[in-house]
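> Have a look at this one.
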Amino acid sequence: MGMQAFLDIFDIYLLEAVINGILLGGVLALLALGLNLIFGVIDVTWICYAELVMIGMYAMYFMVQYYGVSYFVAAPLTILLVAVLGAALHYLVIAPLLTAPPINQLLATGGVLFVLQSFATVAFGIDFRNLGIRLPVLAFGDMNFSYARLLSFLAALVGMVAVYLFMTRTFTGTAIRAISQDRQIMALMGVDTRRIYLITSAIGGGLAGLAACLLVLQYDVHPFVGLSFGPITFLICVLGGLGNFIGGFIAAFVFAEIISLGGLFSDLEWGYVLAFAFFIVMMFIRPAGLLARRR
Amino acid sequence: MMGQGRLAAWGMGLAALIALPFVYRDPYHLHILVLILIWSFAYTSWSMMGRFGLVSLGHGGFMGIGAYVTALLWNHLGLSPWIGIPISMAAAGALALIVGYPCFRFRITGHYFVLVTLALSGIVLQVITATRDYTGGSLGYTPNRASGNKLLALQFDDKTTWYLIALAVWLFGIVVWHLVDRSMARYALEAISEDEDAAAAAGVDVTAEKLKITLLSALMTALAGAIYCQYQMFITPDTVSGIAVSLQMVFAAIVGGLFVSLGPTVGAIITILLAETLRIGFGTKAVGWDNLVYGVLLVLFIIFLPKGILGSLLDRLKPQRKVSRAHEQEAVQIARPGA
């Protein structure tokens with residue numbers, strides 16, 4: 001009798017963790033998409049990607065909490081702000097280094113990581129801040145889901161579909177995809193690569209901005225918040241294959257499930273550790289990424 | 001081969017460095033010197049593999065393991081650092097092999113390798129934070145003060161002793177750098193960094209060579225972490241592990257110059273003096289400003305002086321060496337996956 005009750009509860013928790021994992025996966029997939037886009041098109045890895053999200057989260061916090069702007073007005077402004085930041089990052093840091101060895105581009109974005117973290121420390125202090133919006137909890141049977149997570153998941157899906165439509169239905173999107181296939185030839189075809197790089201960087205930044213609007217609903221913001229989901233985003237991109245959008249999408253959900261189920265048994269940090277262990281094992285099985293084409 | 005003149009210069013420089021603390025005793029300046037020597041050793045350890053195009057951002061993880069394992073064994077099991085340090089180095093080495101083997105065996109290079117190692121240092125930070133019941137989490141950790149034998153506990157109060165220890169460790173790092181520089185492994189690794197397939201075809205065991213240098217680099221980095229912990233007697237996850245520490249190592253090595261033995265040391269001198277000057281200049285009321293300026297300077301450095309200060313200086317002094325150093329441009333290139 002007691003054993004049966006225990007199993008019932010356990011199953012409910014397990015199902016709840018599985019569904020929460022799917023919901024978490026949406027935001028991770030959004031982050032992975034932004035990073036993959038930048039890598040696929042410009043052949044640069046933005047190490048400071050999670051720090052752009054952090055700046056976006058602060059923007060949301062100040063607009064909503066400090067100036068009383070409505071969440072739904074603040075969100076588009078934040079997306080715009082981080083998109084401009086992404087374009088500025090490309091224009092100021094990446095563009096002068098486009099012909100330099102790739103390691104220098106990578107390290108320069110690492111320097112930007114330092115700059116953004118210390119800028120946030122200087123400007124906003126090291127306190128943890130939150131939006132103060134407490135969204136209701138959805139009770140579904142005996143399971144509880146946070147409304148914020150559901151909303152994030154849906155918004156992340158909408159964001160990804162929008163990027164997909166942009167990439168397949170517009171001329172600029174087609175040019176972006178073409179450049180990721182052959183960097184040299186597109187200039188000869190009359191496409192202004194510099195313009196395309198700037199647009200891609202802005203889209204990548206915009207995705208980070210969208211992720212910031214969603215993450216700020218669930219997590220407190222502080223200058224080092226990027227460190228708690230930056231590494232996992234990198235793992236997702238590598239496992240999915242850098243520049244491979246579908247691979248990144250699948251990997252995001254796999255990792256989110258591991259983190260969520262791992263967190264069921266212990267702290268969230270141990271979920272990350274499990275995810276890393278899984279990643280190492282996967283490297284033995286599928287070294288070139290989940291969906292790699294065999295050479 | 002090292003000429004008589006250069007050997008004499010090294011000998012005199014070293015004699016002067018050993019004599020220094022007996023002549024000059026300002027504790028603050030000695031403290032800065034000890035820090036420079038310990039970090040120089042860490043940066044040299046990183047550049048052991050970095051100079052062959054193996055750009056690791058996981059060394060913060062190895063350093064964290066060196067520091068935390070040594071301190072934890074001392075506090076919880078009463079194990080002397082003389083035993084604890086080898087154990088912590090073995091732990092870092094084992095982790096390096098576990099992560100390195102699949103990377104090298106399956107040709108994970110370039111951006112992929114950087115991101116995997118980056119995640120490694122992030123995960124070590126998470127583990128230290130998650131095991132806060134033992135490690136103190138992000139609040140930091142202090143090894144217990146020794147009640148008995150100071151030598152057995154590797155805890156010394158005077159700066160002179162620490163200066164000499166740090167000097168010995170730093171010299172050890174430079175000697176290992178030169179040993180690798182003259183070994184067959186160097187030629188194998190340079191061949192690998194230029195073209196893996198060609199090197200393999202020429203009979204180089206690519207996986208084994210890369211693993212050996214990674215293991216050596218990880219062991220030395222863990223030692224640096226342990227020595228840092230014993231000297232400072234206080235460690236936090238942020239100061240000895242994580243992405244920031246890894247990036248700091250790469251920056252310093254790049255700033256000083258990757259391809260010369262004293263490059264990382266010059267990098268340590270410049271970055272630590274810069275950080276210290278900024279810290280004092282801005283004072284305690286402006287927390288974060290020093291790092292902000294530091295970060296901006298690093299980005300400018302990479303854009304305008306990518307070969308590092310010492311590297312660029314040496315290039316200017318000896319233009320004829322440029323021919324033989326041509327591979328270095330290639331060595332730092334990250335191979336495009338699929339290219």
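By order of appearance in the structure tokens: chains A, B, ..., then residues from 1 within every chain, and ligands from 1 in the order shown.
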Taking only C-alpha atoms into account, report as an mmCIF file with N, CA and C atoms, in the first residue's frame which residues of chain B lie within 6 Å of chain A.

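Contents of the output file selection.cif:
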data_model
loop_
_atom_site.group_PDB
_atom_site.id
_atom_site.type_symbol
_atom_site.label_atom_id
_atom_site.label_comp_id
_atom_site.auth_asym_id
_atom_site.auth_seq_id
_atom_site.Cartn_x
_atom_site.Cartn_y
_atom_site.Cartn_z
ATOM 1 N N PRO B 102 38.497 11.311 -26.495
ATOM 2 C CA PRO B 102 37.509 11.348 -27.588
ATOM 3 C C PRO B 102 37.713 12.542 -28.524
ATOM 4 N N PHE B 106 38.629 11.371 -32.290
ATOM 5 C CA PHE B 106 37.604 11.602 -33.318
ATOM 6 C C PHE B 106 37.778 12.949 -33.990
ATOM 7 N N LEU B 115 35.066 24.942 -27.696
ATOM 8 C CA LEU B 115 33.791 24.962 -26.976
ATOM 9 C C LEU B 115 33.694 23.817 -25.976
ATOM 10 N N ALA B 119 33.264 24.365 -22.027
ATOM 11 C CA ALA B 119 32.219 23.754 -21.209
ATOM 12 C C ALA B 119 32.842 23.025 -20.024
ATOM 13 N N GLY B 122 33.480 25.359 -17.294
ATOM 14 C CA GLY B 122 32.197 25.760 -16.721
ATOM 15 C C GLY B 122 31.630 24.697 -15.800
ATOM 16 N N GLN B 126 30.663 24.520 -11.793
ATOM 17 C CA GLN B 126 29.349 24.097 -11.302
ATOM 18 C C GLN B 126 29.491 23.037 -10.210
ATOM 19 N N ALA B 130 28.143 23.222 -6.603
ATOM 20 C CA ALA B 130 27.103 22.273 -6.194
ATOM 21 C C ALA B 130 27.480 21.546 -4.918
ATOM 22 N N GLY B 288 34.698 46.689 -10.098
ATOM 23 C CA GLY B 288 34.328 46.332 -11.460
ATOM 24 C C GLY B 288 34.951 47.219 -12.510
ATOM 25 N N ASN B 291 38.160 45.771 -13.979
ATOM 26 C CA ASN B 291 37.945 44.708 -14.949
ATOM 27 C C ASN B 291 37.411 45.236 -16.273
ATOM 28 N N LEU B 292 36.611 46.294 -16.194
ATOM 29 C CA LEU B 292 36.049 46.878 -17.414
ATOM 30 C C LEU B 292 37.167 47.407 -18.305
ATOM 31 N N GLY B 295 39.255 44.505 -19.651
ATOM 32 C CA GLY B 295 38.617 43.813 -20.775
ATOM 33 C C GLY B 295 38.750 44.600 -22.067
ATOM 34 N N VAL B 299 40.676 43.393 -25.589
ATOM 35 C CA VAL B 299 40.088 43.354 -26.935
ATOM 36 C C VAL B 299 40.948 44.172 -27.897
ATOM 37 N N GLN B 333 45.939 29.178 -36.264
ATOM 38 C CA GLN B 333 44.681 29.125 -37.005
ATOM 39 C C GLN B 333 43.877 27.939 -36.533
ATOM 40 N N ILE B 334 42.614 28.167 -36.388
ATOM 41 C CA ILE B 334 41.740 27.063 -36.046
ATOM 42 C C ILE B 334 41.224 26.492 -37.353
#
> Can you pull out every residue within 9 Å of region 157-172 of chain B, counting only C-alpha atoms, but drop anything in the same chain fewer than 4 positions away, and send it as a PyMOL selection string?
chain B and resi 14+17-18+21-22+25+27+30-31+33-42+44+176-177+223-224+227+231+265
> With N, CA and C atoms retained, could you export that selection as a short mmCIF file (atom, residue, chain, number, x, y, z; two decimals), in the first residue's frame?

data_model
loop_
_atom_site.label_atom_id
_atom_site.label_comp_id
_atom_site.auth_asym_id
_atom_site.auth_seq_id
_atom_site.Cartn_x
_atom_site.Cartn_y
_atom_site.Cartn_z
N LEU B 14 69.04 34.53 -13.24
CA LEU B 14 68.51 33.65 -12.20
C LEU B 14 69.14 33.97 -10.85
N LEU B 17 67.57 36.92 -9.48
CA LEU B 17 66.22 36.65 -8.99
C LEU B 17 66.26 35.96 -7.63
N ILE B 18 67.24 35.02 -7.46
CA ILE B 18 67.35 34.32 -6.17
C ILE B 18 67.78 35.29 -5.08
N PRO B 21 65.06 38.61 -2.83
CA PRO B 21 64.32 38.77 -1.57
C PRO B 21 65.24 39.01 -0.37
N PHE B 22 66.55 38.69 -0.51
CA PHE B 22 67.44 38.91 0.62
C PHE B 22 67.92 40.36 0.67
N ARG B 25 63.04 43.74 0.66
CA ARG B 25 62.11 43.00 1.51
C ARG B 25 60.72 43.59 1.61
N PRO B 27 57.15 43.75 1.66
CA PRO B 27 56.24 42.60 1.56
C PRO B 27 55.23 42.73 0.43
N LEU B 30 56.96 41.93 -2.83
CA LEU B 30 57.27 40.50 -2.90
C LEU B 30 56.00 39.69 -3.18
N HIS B 31 54.90 40.12 -2.58
CA HIS B 31 53.62 39.45 -2.80
C HIS B 31 53.25 39.48 -4.28
N LEU B 33 55.30 39.83 -6.74
CA LEU B 33 56.25 38.99 -7.47
C LEU B 33 55.87 37.52 -7.37
N VAL B 34 55.46 37.08 -6.16
CA VAL B 34 55.06 35.68 -5.99
C VAL B 34 53.86 35.37 -6.89
N LEU B 35 52.88 36.29 -6.89
CA LEU B 35 51.71 36.08 -7.75
C LEU B 35 52.12 36.00 -9.21
N ILE B 36 53.01 36.90 -9.63
CA ILE B 36 53.46 36.89 -11.02
C ILE B 36 54.12 35.56 -11.35
N LEU B 37 54.97 35.06 -10.44
CA LEU B 37 55.68 33.81 -10.72
C LEU B 37 54.70 32.63 -10.81
N ILE B 38 53.73 32.57 -9.86
CA ILE B 38 52.79 31.44 -9.88
C ILE B 38 51.94 31.49 -11.15
N TRP B 39 51.41 32.68 -11.47
CA TRP B 39 50.57 32.78 -12.68
C TRP B 39 51.40 32.57 -13.93
N SER B 40 52.67 33.04 -13.92
CA SER B 40 53.53 32.78 -15.08
C SER B 40 53.64 31.29 -15.33
N PHE B 41 53.80 30.54 -14.23
CA PHE B 41 53.89 29.09 -14.37
C PHE B 41 52.61 28.53 -14.97
N ALA B 42 51.45 29.03 -14.49
CA ALA B 42 50.17 28.56 -15.03
C ALA B 42 50.05 28.90 -16.51
N THR B 44 52.49 29.50 -18.61
CA THR B 44 53.44 28.68 -19.37
C THR B 44 52.85 27.29 -19.59
N VAL B 176 60.79 22.75 -18.46
CA VAL B 176 59.95 21.80 -19.19
C VAL B 176 59.64 22.35 -20.58
N TRP B 177 59.36 23.67 -20.65
CA TRP B 177 59.06 24.29 -21.94
C TRP B 177 60.22 24.05 -22.91
N LEU B 223 49.19 21.74 -10.68
CA LEU B 223 50.23 22.10 -9.71
C LEU B 223 50.19 23.60 -9.42
N ALA B 224 50.02 24.39 -10.48
CA ALA B 224 49.92 25.84 -10.29
C ALA B 224 48.75 26.18 -9.36
N ILE B 227 49.66 25.24 -5.72
CA ILE B 227 50.62 26.18 -5.14
C ILE B 227 49.93 27.51 -4.81
N TYR B 231 49.62 29.21 -1.13
CA TYR B 231 50.17 30.55 -0.86
C TYR B 231 49.08 31.49 -0.35
N THR B 265 55.41 34.52 -19.34
CA THR B 265 55.88 35.26 -18.16
C THR B 265 55.70 36.75 -18.37
#
> Work out how far apart CA of Ser241 (chain B) and CA of Gly225 (chain B) are and give it in Å to one decimal.
8.9 Å
> Pick out the closest residue to Met63 (chain A) from this set: A:Leu30, A:Asn130, A:Phe253, A:Ser201. Count only C-alpha atoms.
A:Asn130
